[in-house]
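The file structure-v7.cif contains mmCIF, C-alpha atoms and all ligand atoms:
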data_model
#
loop_
_atom_site.label_atom_id
_atom_site.label_comp_id
_atom_site.auth_asym_id
_atom_site.auth_seq_id
_atom_site.Cartn_x
_atom_site.Cartn_y
_atom_site.Cartn_z
CA MET A 1 277.29 262.96 -91.93
CA ASP A 2 277.89 259.24 -92.08
CA LYS A 3 279.82 257.80 -95.03
CA SER A 4 276.70 255.85 -96.04
CA PHE A 5 275.19 259.18 -97.14
CA TYR A 6 278.05 259.82 -99.57
CA THR A 7 278.16 256.20 -100.75
CA GLU A 8 274.45 256.35 -101.50
CA ASN A 9 274.86 259.64 -103.37
CA ARG A 10 277.65 258.17 -105.50
CA ASN A 11 275.70 255.01 -106.27
CA SER A 12 272.64 257.06 -107.26
CA LEU A 13 274.78 259.14 -109.59
CA TYR A 14 276.52 256.08 -111.10
CA SER A 15 273.15 254.49 -111.76
CA MET A 16 272.29 257.41 -114.06
CA LEU A 17 275.47 257.07 -116.14
CA PRO A 18 275.33 255.05 -119.35
CA ALA A 19 277.46 251.91 -119.64
CA GLY A 20 280.88 252.62 -121.14
CA SER A 21 281.32 256.01 -119.51
CA LEU A 22 283.76 257.82 -117.24
CA LEU A 23 283.03 260.41 -114.57
CA ALA A 24 285.49 262.82 -112.97
CA VAL A 25 284.52 265.19 -110.16
CA PHE A 26 287.05 267.74 -108.95
CA SER A 27 287.26 269.39 -105.53
CA GLY A 28 288.91 272.44 -107.09
CA THR A 29 291.96 274.59 -106.57
CA GLU A 30 292.65 277.61 -104.41
CA VAL A 31 291.94 280.99 -105.96
CA ILE A 32 294.55 283.72 -105.76
CA LYS A 33 293.56 286.83 -103.80
CA THR A 34 296.71 288.97 -103.98
CA ASN A 35 300.45 288.43 -104.14
CA ASP A 36 301.05 285.14 -102.30
CA GLU A 37 297.67 285.13 -100.54
CA TYR A 38 294.75 282.91 -101.49
CA TYR A 39 291.05 283.07 -100.72
CA PRO A 40 290.03 280.48 -98.15
CA PHE A 41 289.59 277.25 -100.09
CA PHE A 42 285.99 276.19 -100.62
CA ALA A 43 285.57 272.73 -102.12
CA ASP A 44 283.23 272.12 -105.03
CA ARG A 45 279.82 271.28 -103.56
CA ASN A 46 279.17 268.36 -105.90
CA PHE A 47 282.51 266.86 -104.91
CA VAL A 48 281.57 267.26 -101.23
CA TYR A 49 278.13 265.80 -101.91
CA LEU A 50 279.80 262.63 -103.20
CA THR A 51 282.70 262.32 -100.76
CA GLY A 52 282.29 264.46 -97.62
CA LEU A 53 285.84 265.68 -98.24
CA THR A 54 286.73 269.37 -98.38
CA CYS A 55 290.40 269.11 -99.41
CA LYS A 56 291.78 270.92 -102.44
CA GLU A 57 292.95 269.36 -105.70
CA ALA A 58 291.25 266.02 -105.11
CA VAL A 59 289.43 264.05 -107.83
CA LEU A 60 286.85 261.30 -107.81
CA LEU A 61 287.17 259.14 -110.92
CA ALA A 62 284.61 256.48 -111.75
CA SER A 63 284.37 254.13 -114.71
CA LYS A 64 281.22 252.30 -115.68
CA ASP A 65 281.81 249.20 -117.80
CA ALA A 66 279.64 247.66 -120.51
CA ASP A 67 278.15 245.24 -117.97
CA GLY A 68 277.13 248.13 -115.71
CA SER A 69 279.76 247.50 -113.02
CA VAL A 70 281.44 250.59 -111.59
CA ASN A 71 284.98 251.14 -110.32
CA GLU A 72 285.74 254.27 -108.35
CA ARG A 73 289.01 255.83 -107.23
CA LEU A 74 289.63 258.88 -105.11
CA TYR A 75 292.79 260.90 -105.72
CA ILE A 76 294.13 263.07 -102.88
CA LEU A 77 297.26 265.14 -102.54
CA PRO A 78 300.23 263.05 -101.34
CA PRO A 79 301.96 263.85 -98.03
CA ASP A 80 304.30 266.88 -98.22
CA LEU A 81 305.97 267.71 -94.92
CA ILE A 82 307.04 271.21 -95.93
CA ALA A 83 303.72 272.22 -97.46
CA GLU A 84 301.87 270.74 -94.49
CA ARG A 85 304.12 272.62 -92.06
CA TRP A 86 302.96 275.88 -93.67
CA THR A 87 299.35 275.35 -94.53
CA GLY A 88 298.06 272.42 -92.53
CA VAL A 89 297.92 268.66 -92.45
CA ARG A 90 296.57 266.90 -95.53
CA VAL A 91 293.92 264.23 -95.31
CA LYS A 92 295.41 260.72 -95.13
CA PRO A 93 294.19 257.79 -97.25
CA ASP A 94 292.62 255.94 -94.29
CA GLU A 95 290.85 259.14 -93.18
CA ALA A 96 289.61 259.81 -96.72
CA GLU A 97 288.24 256.28 -96.87
CA ALA A 98 286.55 256.58 -93.46
CA ILE A 99 284.85 259.85 -94.44
CA SER A 100 283.84 259.02 -98.00
CA GLY A 101 283.46 255.26 -98.08
CA VAL A 102 285.62 255.09 -101.23
CA ARG A 103 288.00 252.14 -100.79
CA ASP A 104 290.49 252.86 -103.56
CA ILE A 105 292.42 255.96 -102.47
CA ARG A 106 295.35 257.08 -104.63
CA SER A 107 297.73 260.03 -104.97
CA THR A 108 296.79 262.88 -107.30
CA GLU A 109 300.17 262.28 -108.97
CA ALA A 110 298.66 259.12 -110.51
CA PHE A 111 295.46 260.73 -111.79
CA ILE A 112 296.37 261.75 -115.32
CA GLN A 113 298.18 258.51 -116.10
CA ASP A 114 295.28 256.43 -114.73
CA PHE A 115 292.80 258.47 -116.69
CA ARG A 116 294.73 258.07 -119.94
CA LYS A 117 294.92 254.30 -119.43
CA LEU A 118 291.15 254.12 -119.01
CA ALA A 119 290.61 256.34 -122.04
CA TRP A 120 293.04 254.35 -124.23
CA SER A 121 291.43 251.04 -123.22
CA GLY A 122 288.74 251.80 -125.76
CA ASN A 123 286.04 250.70 -123.34
CA TYR A 124 284.71 254.16 -122.64
CA GLY A 125 283.30 256.58 -125.16
CA ILE A 126 282.25 259.48 -122.97
CA ILE A 127 283.58 261.44 -120.01
CA TYR A 128 281.08 263.11 -117.70
CA LEU A 129 282.13 266.40 -116.10
CA ASP A 130 280.14 269.03 -114.24
CA LEU A 131 280.50 271.77 -116.82
CA TYR A 132 277.96 274.20 -115.36
CA LYS A 133 278.70 277.91 -115.10
CA SER A 134 276.20 280.32 -113.59
CA ASP A 135 277.57 283.18 -115.71
CA ASP A 136 279.81 283.32 -118.80
CA ALA A 137 282.17 285.52 -116.81
CA ASN A 138 282.82 282.75 -114.26
CA ARG A 139 286.41 281.61 -114.23
CA ASP A 140 287.19 278.14 -115.52
CA ARG A 141 287.22 275.62 -112.73
CA ALA A 142 289.27 272.44 -112.54
CA GLN A 143 286.75 270.48 -114.58
CA HIS A 144 286.72 273.09 -117.35
CA GLU A 145 290.50 272.99 -117.55
CA PHE A 146 290.38 269.22 -117.62
CA LYS A 147 287.87 269.39 -120.46
CA HIS A 148 290.39 271.42 -122.48
CA TYR A 149 293.04 268.80 -121.70
CA VAL A 150 290.81 265.92 -122.84
CA HIS A 151 289.67 267.82 -125.91
CA HIS A 152 293.27 268.30 -127.07
CA ASN A 153 294.88 265.04 -125.94
CA LEU A 154 292.12 262.44 -125.96
CA PRO A 155 289.89 263.83 -128.72
CA PHE A 156 288.12 260.51 -129.26
CA LEU A 157 286.24 260.93 -125.97
CA LEU A 158 282.88 262.67 -126.03
CA PHE A 159 281.76 264.91 -123.22
CA GLY A 160 278.73 264.43 -121.03
CA ASN A 161 277.55 267.02 -118.57
CA SER A 162 276.97 265.60 -115.11
CA ASP A 163 275.40 268.82 -113.84
CA PRO A 164 271.77 267.80 -114.61
CA LEU A 165 272.37 264.46 -112.86
CA PHE A 166 273.57 266.18 -109.69
CA ARG A 167 270.56 268.49 -109.86
CA LYS A 168 268.17 265.54 -109.89
CA LEU A 169 269.78 264.12 -106.74
CA ARG A 170 270.17 267.35 -104.84
CA LEU A 171 266.53 268.32 -105.30
CA TYR A 172 265.46 265.78 -102.64
CA LYS A 173 266.90 265.98 -99.16
CA LYS A 174 267.66 262.84 -97.17
CA PRO A 175 266.72 262.51 -93.47
CA CYS A 176 270.28 263.26 -92.33
CA GLU A 177 270.26 266.45 -94.42
CA ILE A 178 266.99 267.57 -92.86
CA GLU A 179 268.42 266.86 -89.41
CA ALA A 180 271.46 268.98 -90.27
CA LEU A 181 269.16 271.79 -91.38
CA ARG A 182 267.30 271.60 -88.06
CA VAL A 183 270.57 272.09 -86.18
CA GLY A 184 271.47 274.92 -88.54
CA GLU A 185 268.13 276.65 -87.94
CA LYS A 186 268.73 276.55 -84.20
CA ILE A 187 272.16 278.16 -84.56
CA THR A 188 270.83 280.68 -87.08
CA GLY A 189 268.14 281.58 -84.57
CA GLU A 190 270.71 282.17 -81.85
CA GLY A 191 272.60 284.50 -84.17
CA ILE A 192 269.46 286.46 -85.06
CA LEU A 193 268.31 286.65 -81.43
CA ALA A 194 271.72 287.97 -80.40
CA MET A 195 271.18 290.86 -82.83
CA MET A 196 267.53 291.42 -81.92
CA THR A 197 268.11 291.54 -78.18
CA SER A 198 271.06 293.96 -78.40
CA SER A 199 269.44 296.21 -81.04
CA GLU A 200 269.27 299.93 -80.31
CA PRO A 201 269.32 303.23 -82.21
CA GLY A 202 272.86 304.38 -82.92
CA MET A 203 274.23 300.86 -83.28
CA PRO A 204 276.49 300.42 -86.33
CA GLU A 205 275.68 297.63 -88.75
CA TYR A 206 279.08 296.04 -88.16
CA ARG A 207 278.24 295.70 -84.47
CA TYR A 208 275.05 293.84 -85.33
CA LYS A 209 277.22 291.58 -87.46
CA ALA A 210 279.65 291.11 -84.56
CA LYS A 211 276.77 289.91 -82.37
CA PHE A 212 275.71 287.44 -85.05
CA ASP A 213 279.27 286.25 -85.63
CA LYS A 214 279.91 285.72 -81.93
CA ALA A 215 276.76 283.67 -81.46
CA ILE A 216 277.23 281.33 -84.42
CA HIS A 217 280.96 280.86 -83.95
CA GLU A 218 280.30 279.19 -80.61
CA TYR A 219 279.56 276.11 -82.74
CA ALA A 220 282.18 275.74 -85.45
CA PRO A 221 285.26 277.48 -86.86
CA TYR A 222 283.75 277.96 -90.30
CA ILE A 223 280.01 278.17 -90.10
CA TYR A 224 278.85 280.85 -92.52
CA GLY A 225 276.31 279.56 -94.99
CA PHE A 226 277.00 282.69 -97.07
CA PRO A 227 278.17 286.21 -96.25
CA PRO A 228 275.58 287.60 -93.83
CA ILE A 229 273.44 290.45 -95.12
CA ILE A 230 272.87 292.87 -92.24
CA SER A 231 271.72 296.40 -92.93
CA SER A 232 269.60 299.25 -91.64
CA GLY A 233 267.40 302.04 -92.95
CA LYS A 234 268.13 303.02 -96.55
CA ASN A 235 270.81 300.35 -96.88
CA ASN A 236 267.97 297.82 -96.83
CA PHE A 237 267.22 298.89 -100.40
CA VAL A 238 270.38 297.13 -101.55
CA ILE A 239 269.22 293.51 -101.66
CA HIS A 240 272.67 292.02 -101.14
CA ASN A 241 274.34 294.61 -98.94
CA TYR A 242 277.66 293.41 -97.54
CA ALA A 243 279.16 296.76 -96.56
CA TYR A 244 278.10 296.92 -92.87
CA ASP A 245 278.99 300.60 -92.91
CA GLY A 246 275.69 302.19 -91.87
CA ILE A 247 274.41 303.20 -88.46
CA ALA A 248 270.89 302.28 -87.38
CA GLN A 249 268.96 305.48 -86.72
CA ASP A 250 265.95 305.71 -84.44
CA GLY A 251 262.96 304.60 -86.53
CA ASP A 252 265.03 302.47 -88.94
CA MET A 253 264.26 298.88 -89.72
CA ILE A 254 267.08 296.36 -89.35
CA LEU A 255 267.15 293.79 -92.12
CA ASN A 256 269.13 290.62 -92.05
CA ASP A 257 269.35 287.70 -94.39
CA VAL A 258 271.62 285.14 -92.82
CA GLY A 259 272.34 281.45 -92.60
CA VAL A 260 274.78 278.92 -91.32
CA MET A 261 276.26 275.76 -92.74
CA TRP A 262 275.94 272.67 -90.58
CA ASP A 263 277.13 269.33 -91.96
CA PHE A 264 277.28 271.16 -95.34
CA LEU A 265 273.58 272.04 -95.28
CA ILE A 266 272.85 275.77 -95.46
CA THR A 267 269.98 277.65 -93.84
CA ASP A 268 268.72 280.97 -95.23
CA VAL A 269 266.54 283.09 -92.98
CA SER A 270 265.55 286.76 -93.02
CA ARG A 271 264.20 288.64 -90.05
CA SER A 272 263.55 292.35 -89.78
CA TRP A 273 262.64 294.61 -86.89
CA PRO A 274 262.67 298.28 -85.92
CA CYS A 275 266.00 299.00 -84.24
CA ASN A 276 264.21 300.77 -81.38
CA GLY A 277 262.08 297.70 -80.61
CA LYS A 278 258.70 299.22 -81.48
CA PHE A 279 257.05 298.97 -84.91
CA SER A 280 255.72 302.27 -86.22
CA ASP A 281 252.25 302.31 -87.80
CA ARG A 282 253.66 302.19 -91.33
CA GLN A 283 256.19 299.49 -90.44
CA LYS A 284 253.43 297.49 -88.83
CA LEU A 285 251.14 297.89 -91.83
CA LEU A 286 253.74 296.63 -94.31
CA TYR A 287 255.10 293.94 -92.02
CA GLU A 288 251.65 292.50 -91.36
CA CYS A 289 251.14 292.14 -95.13
CA ALA A 290 254.41 290.20 -95.47
CA LEU A 291 253.65 288.04 -92.44
CA ALA A 292 250.11 287.25 -93.60
CA THR A 293 251.48 286.31 -97.02
CA SER A 294 254.09 284.03 -95.48
CA ASP A 295 251.52 282.42 -93.17
CA TYR A 296 249.20 281.89 -96.12
CA MET A 297 251.96 280.21 -98.13
CA PHE A 298 252.80 277.83 -95.29
CA SER A 299 249.10 276.92 -95.10
CA ILE A 300 248.76 276.01 -98.80
CA VAL A 301 252.14 274.67 -99.94
CA LYS A 302 252.02 270.89 -100.34
CA PRO A 303 253.02 268.09 -102.69
CA GLY A 304 251.41 268.36 -106.12
CA MET A 305 251.34 272.16 -106.20
CA ARG A 306 253.15 273.70 -109.15
CA MET A 307 256.58 275.00 -108.15
CA ASP A 308 256.24 278.18 -110.22
CA ALA A 309 252.97 278.90 -108.41
CA VAL A 310 254.86 279.49 -105.17
CA ASP A 311 256.60 282.63 -106.34
CA ALA A 312 253.55 283.80 -108.29
CA THR A 313 251.22 283.29 -105.33
CA ILE A 314 253.53 285.13 -102.94
CA LYS A 315 253.41 288.15 -105.26
CA GLU A 316 249.67 287.96 -105.97
CA TYR A 317 248.63 287.45 -102.38
CA ASN A 318 250.90 290.16 -101.02
CA ALA A 319 249.85 292.52 -103.82
CA GLN A 320 246.20 292.15 -102.89
CA LEU A 321 246.96 292.82 -99.21
CA LEU A 322 248.88 295.95 -100.16
CA VAL A 323 246.01 297.10 -102.38
CA ASP A 324 243.50 296.47 -99.57
CA ALA A 325 245.73 298.43 -97.20
CA GLY A 326 245.74 301.37 -99.60
CA VAL A 327 249.48 301.16 -100.22
CA LEU A 328 249.39 299.89 -103.80
CA ASP A 329 247.10 301.30 -106.50
CA ASP A 330 246.89 298.18 -108.64
CA ALA A 331 248.03 294.61 -107.91
CA ALA A 332 249.59 294.52 -111.38
CA ASN A 333 252.17 297.07 -110.18
CA ILE A 334 253.49 294.85 -107.40
CA ARG A 335 257.03 294.95 -108.80
CA LYS A 336 257.24 298.49 -107.45
CA TYR A 337 257.44 297.04 -103.93
CA MET A 338 258.59 293.46 -104.46
CA TRP A 339 261.98 293.29 -106.09
CA HIS A 340 263.04 289.67 -105.94
CA GLY A 341 261.77 286.12 -106.21
CA GLY A 342 260.28 284.40 -103.25
CA ALA A 343 261.24 280.74 -103.53
CA HIS A 344 264.65 279.17 -104.10
CA HIS A 345 265.81 275.77 -102.92
CA ILE A 346 268.45 275.48 -100.21
CA GLY A 347 270.88 272.67 -99.49
CA PHE A 348 274.60 272.29 -100.14
CA ASP A 349 274.39 275.72 -101.80
CA VAL A 350 272.29 278.55 -100.45
CA HIS A 351 270.79 278.97 -103.91
CA ASP A 352 270.80 275.25 -104.33
CA VAL A 353 271.84 273.66 -107.58
CA VAL A 354 268.77 271.58 -108.31
CA GLU A 355 266.59 270.60 -111.22
CA THR A 356 263.70 273.06 -111.28
CA PRO A 357 260.71 270.87 -110.46
CA GLU A 358 257.40 271.27 -112.22
CA PHE A 359 255.58 270.06 -109.12
CA ILE A 360 256.40 270.20 -105.44
CA ALA A 361 257.15 266.86 -103.79
CA PRO A 362 258.15 265.62 -100.32
CA ASP A 363 261.73 266.22 -99.12
CA MET A 364 262.25 269.40 -101.12
CA VAL A 365 263.35 272.39 -99.05
CA PHE A 366 262.97 275.91 -100.35
CA CYS A 367 262.69 279.41 -98.99
CA ILE A 368 259.47 281.33 -98.71
CA ASP A 369 260.71 284.86 -98.91
CA VAL A 370 258.47 287.92 -98.80
CA GLY A 371 260.33 291.19 -99.28
CA ILE A 372 258.69 294.62 -99.33
CA TYR A 373 260.67 297.69 -100.35
CA HIS A 374 258.84 300.99 -99.93
CA GLU A 375 261.40 303.63 -100.77
CA GLU A 376 259.12 306.64 -100.23
CA TRP A 377 258.47 305.53 -96.67
CA GLY A 378 262.09 304.48 -96.15
CA ILE A 379 260.95 301.01 -95.11
CA GLY A 380 262.52 297.92 -96.69
CA PHE A 381 262.64 294.45 -95.20
CA ARG A 382 262.08 290.81 -95.88
CA LEU A 383 260.71 287.83 -94.04
CA GLU A 384 262.26 284.60 -95.22
CA ASP A 385 261.70 281.12 -93.85
CA ASN A 386 262.78 277.63 -94.84
CA CYS A 387 260.00 275.35 -96.01
CA LEU A 388 260.34 271.56 -95.84
CA ILE A 389 257.81 269.66 -97.94
CA THR A 390 256.23 266.78 -96.04
CA GLU A 391 253.92 263.97 -97.19
CA ASP A 392 250.78 266.09 -96.97
CA GLY A 393 251.89 269.68 -96.51
CA CYS A 394 254.93 271.57 -95.35
CA GLU A 395 256.83 272.56 -92.24
CA ASN A 396 258.43 275.88 -91.46
CA LEU A 397 261.90 274.84 -90.27
CA SER A 398 262.68 278.37 -89.06
CA ALA A 399 259.34 278.95 -87.31
CA ALA A 400 260.96 279.20 -83.87
CA ILE A 401 262.87 282.35 -84.83
CA PRO A 402 260.58 285.27 -83.79
CA ARG A 403 258.55 286.44 -86.79
CA ARG A 404 255.34 287.96 -85.38
CA ILE A 405 255.31 291.59 -84.33
CA GLU A 406 254.25 290.74 -80.79
CA ASP A 407 256.99 288.11 -80.42
CA ILE A 408 259.65 290.41 -81.86
CA GLU A 409 258.66 293.30 -79.60
CA ASN A 410 258.57 290.99 -76.58
CA VAL A 411 262.03 289.63 -77.29
CA MET A 412 263.39 293.15 -77.69
CA ARG A 413 261.73 294.51 -74.55
MN MN B 501 267.23 283.47 -99.77
#
I'd like the structure from this file rewritten - as structure tokens, please.
Amino acid sequence: MDKSFYTENRNSLYSMLPAGSLLAVFSGTEVIKTNDEYYPFFADRNFVYLTGLTCKEAVLLASKDADGSVNERLYILPPDLIAERWTGVRVKPDEAEAISGVRDIRSTEAFIQDFRKLAWSGNYGIIYLDLYKSDDANRDRAQHEFKHYVHHNLPFLLFGNSDPLFRKLRLYKKPCEIEALRVGEKITGEGILAMMTSSEPGMPEYRYKAKFDKAIHEYAPYIYGFPPIISSGKNNFVIHNYAYDGIAQDGDMILNDVGVMWDFLITDVSRSWPCNGKFSDRQKLLYECALATSDYMFSIVKPGMRMDAVDATIKEYNAQLLVDAGVLDDAANIRKYMWHGGAHHIGFDVHDVVETPEFIAPDMVFCIDVGIYHEEWGIGFRLEDNCLITEDGCENLSAAIPRRIEDIENVMR
């Protein structure tokens, strides 16, 4: 991604801040796993969205003056030969500038002092931080800890929450983001095809995963969009199954819900097939309902449609098909077979952090996900594609990944 993307994102965010405000965005800190071992560091997505940098412990600090002018500074860890010998080279100021477009690059050692000077100047009444948590049990992140610091030491500053501002921006994808998604879809497809073409009864789930991993890691060292969900048979009834400990038995469906991250944009695609390469009558019956529902959605989704109608229509349409097929007694009971929502936005996060729109508009990208879980028949699967909203309709970004019974069976033959 070119630095102009990040510069534009920052300027859009700054334009939404009131005059006389401060903004700090943190990349985050490593999380301990055990003893002296840490989880692989994963930078805060809003920080990445503004800077393109993925280094730990960095901070973007912006100040917006009464006249509306903005000054921005980017704080990165200073050089440390011993630390870098152990855990890798740190980004240098000129590299940070080239990636992000921020001109004023400083050491993190200067951050607190600089921040206090700005606060004490009396020119700023409010500090904006991304204070979002998806669950009360979530650990405090760097910005939450900083909030405690400000609350105790600079109590005259008010807090603003930048989370809704980021959500407004991230709802609409820019052309370079859509291009990144297109590359990601291609790689995702290669991973899925590698599993489809090697599928056979008796194959352990972890070997399916190995096929997927091998295919996508031809492209980048860290390319997972999220932990791949790959399961078979009864394990498909666990919606987020990460165990990979089952063995596909003859007659089982394979379910996978996978995606890659390319230029920070994440794809999210589900494909399902019988491990033996031939749909049974019952599998065919249920799969055709899901496919017809998905096809219908791609034919009607367009700008101006209510966003909440997407999920509702997926359920209603699929319910009617299942009733017509004699599978479901009453469309009102669809929750028996459909267990999860059918439309979430994708982007820098797989469940993207966006403002929930009332109406669909161009440049939004969300999943159209039809899952059917028929426990009595032992058949559970989902069909999930990535839907880009265009000027007058929508485009299925993952359409090239086999999704029709005939295409799947041909690929597997
Ligand atoms: Mn999804």
### Message
Using all atoms listed in the file, list the residues that have an atom at most 6 Å from (253.3, 270.0, -100.2), coordinates as in the file, as an MDAnalysis selection string.
### Response
chainID A and resid 301:303 389 392:394
### Task
Skip region 182-191 of chain A itself and residues of its chain fewer than 2 positions away, then list as a PyMOL selection string all residues within 9 Å of it, counting only C-alpha atoms.
chain A and resi 177-180+193-196+211-216+219+258-263+265-269+386+397-398+400-402
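Residues of protein, DNA or RNA lying at most 10 Å from ligand MN 501 (chain B), when all atoms listed in the file are considered, are Asp257, Val258, Gly259, Thr267, Asp268, Val269, Ser270, His340, Gly341, Gly342, Ala343, His344, His345, Ile346, Val350, His351, Phe366, Cys367, Ile368, Asp369, Val370, Arg382, Leu383, Glu384, Asp385 and Asn386 of chain A.
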### Task
Might you pull out every residue within 8 Å of region 232-238 of chain A, with all atoms listed in the file counted and same-chain residues fewer than 4 positions away left off, and present them as JSON, numbers by chain?
{"A": [205, 246, 247, 248, 249, 252, 253, 254, 255, 373, 375, 378, 379, 380, 381]}
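Going from CA of Arg167 (chain A) to CA of Phe47 (chain A) covers 13.0 Å.
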### Query
Which residue, A:Ser107, A:Asn153, A:Thr34, A:Ser12, has the smallest gap to Ala119 (chain A) when you use only C-alpha atoms?
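Among A:Ser107, A:Asn153, A:Thr34, A:Ser12, it is A:Asn153 that comes nearest to Ala119 (chain A).
Separating CA of Phe26 (chain A) from CA of Val59 (chain A) is a distance of 4.5 Å.
Closest approach to Val365 (chain A) from the set A:Arg282, A:Arg404, A:Lys174, A:Arg335 is made by A:Lys174, with distances taken over all atoms listed in the file.
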### Message
Report, in Å with one decimal, the straight-line distance from CA of Lys173 (chain A) to CA of Gly347 (chain A).
### Response
7.8 Å
### Query
Restricting the calculation to all atoms listed in the file, which member of A:Met297, A:Ile32, A:Val323, A:Val25 is positioned closest to Val48 (chain A)?
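Residue with the minimum atom-to-atom distance to Val48 (chain A): A:Val25.
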So for region 272-276 of chain A, what box centre and size do we get, axis-aligned, 3 Å extra on each of the six sides, every listed atom, Å to one decimal, as AutoDock Vina command-line options?
--center_x 264.3 --center_y 296.6 --center_z -85.6 --size_x 9.4 --size_y 14.4 --size_z 14.4
### Query
Of the candidates A:Asp311, A:Ile405, A:Leu291, A:Leu171, which shows the shortest atom-to-atom distance to Pro362 (chain A), using all atoms listed in the file?
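Among the listed residues, the smallest separation from Pro362 (chain A) belongs to A:Leu171.
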### Query
Given the choices A:Leu169, A:Ala331, A:Ile105, A:Ile126, which gets closest to Met16 (chain A) if the distance is worked out from only C-alpha atoms?
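Distance minimum relative to Met16 (chain A) lands on A:Leu169.
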### Using only C-alpha atoms: which of A:Ser162, A:Ser27, A:Thr197, A:Asn46 has the shortest distance to Leu77 (chain A)
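Going through A:Ser162, A:Ser27, A:Thr197, A:Asn46 one by one, the smallest distance to Leu77 (chain A) is for A:Ser27.
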### Task
For region 131-147 of chain A, please output as a PyMOL selection string all residues within 7 Å (counting all atoms listed in the file; exclusion window: fewer than 5 positions along the same chain).
chain A and resi 26+28-29+161+163
Non-local contacts of Leu50 (chain A) (7 Å; all atoms listed in the file; under 4 positions in same chain excluded) as a tab-separated table (two decimals) with C-alpha atoms, in the frame of the given file:
chain	number	residue	atom	x	y	z
A	6	TYR	CA	278.05	259.82	-99.57
A	9	ASN	CA	274.86	259.64	-103.37
A	10	ARG	CA	277.65	258.17	-105.50
A	46	ASN	CA	279.17	268.36	-105.90
Could you write region 169-180 of chain A of the block just shown to a file containing N, CA and C atoms, as a tab-separated table (two decimals), in the first residue's frame?
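Final file, part17.tsv:
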chain	number	residue	atom	x	y	z
A	169	LEU	N	-14.68	5.66	8.74
A	169	LEU	CA	-13.70	5.57	7.64
A	169	LEU	C	-13.61	4.16	7.09
A	170	ARG	N	-13.54	3.20	8.00
A	170	ARG	CA	-13.26	1.83	7.58
A	170	ARG	C	-14.44	1.15	6.89
A	171	LEU	N	-15.61	1.77	6.97
A	171	LEU	CA	-16.79	1.20	6.32
A	171	LEU	C	-16.62	1.19	4.79
A	172	TYR	N	-15.92	2.20	4.26
A	172	TYR	CA	-15.78	2.34	2.80
A	172	TYR	C	-14.37	1.98	2.38
A	173	LYS	N	-14.27	1.05	1.43
A	173	LYS	CA	-12.95	0.60	1.00
A	173	LYS	C	-12.47	1.44	-0.20
A	174	LYS	N	-11.19	1.78	-0.16
A	174	LYS	CA	-10.59	2.54	-1.24
A	174	LYS	C	-10.15	1.58	-2.35
A	175	PRO	N	-9.92	2.12	-3.57
A	175	PRO	CA	-9.53	1.23	-4.68
A	175	PRO	C	-8.34	0.33	-4.36
A	176	CYS	N	-7.34	0.85	-3.66
A	176	CYS	CA	-6.17	0.00	-3.36
A	176	CYS	C	-6.54	-1.13	-2.39
A	177	GLU	N	-7.53	-0.88	-1.53
A	177	GLU	CA	-7.97	-1.94	-0.63
A	177	GLU	C	-8.71	-3.03	-1.40
A	178	ILE	N	-9.51	-2.61	-2.36
A	178	ILE	CA	-10.26	-3.58	-3.16
A	178	ILE	C	-9.29	-4.41	-4.01
A	179	GLU	N	-8.24	-3.73	-4.52
A	179	GLU	CA	-7.22	-4.48	-5.28
A	179	GLU	C	-6.54	-5.51	-4.38
A	180	ALA	N	-6.23	-5.11	-3.15
A	180	ALA	CA	-5.60	-6.05	-2.22
A	180	ALA	C	-6.52	-7.24	-1.94
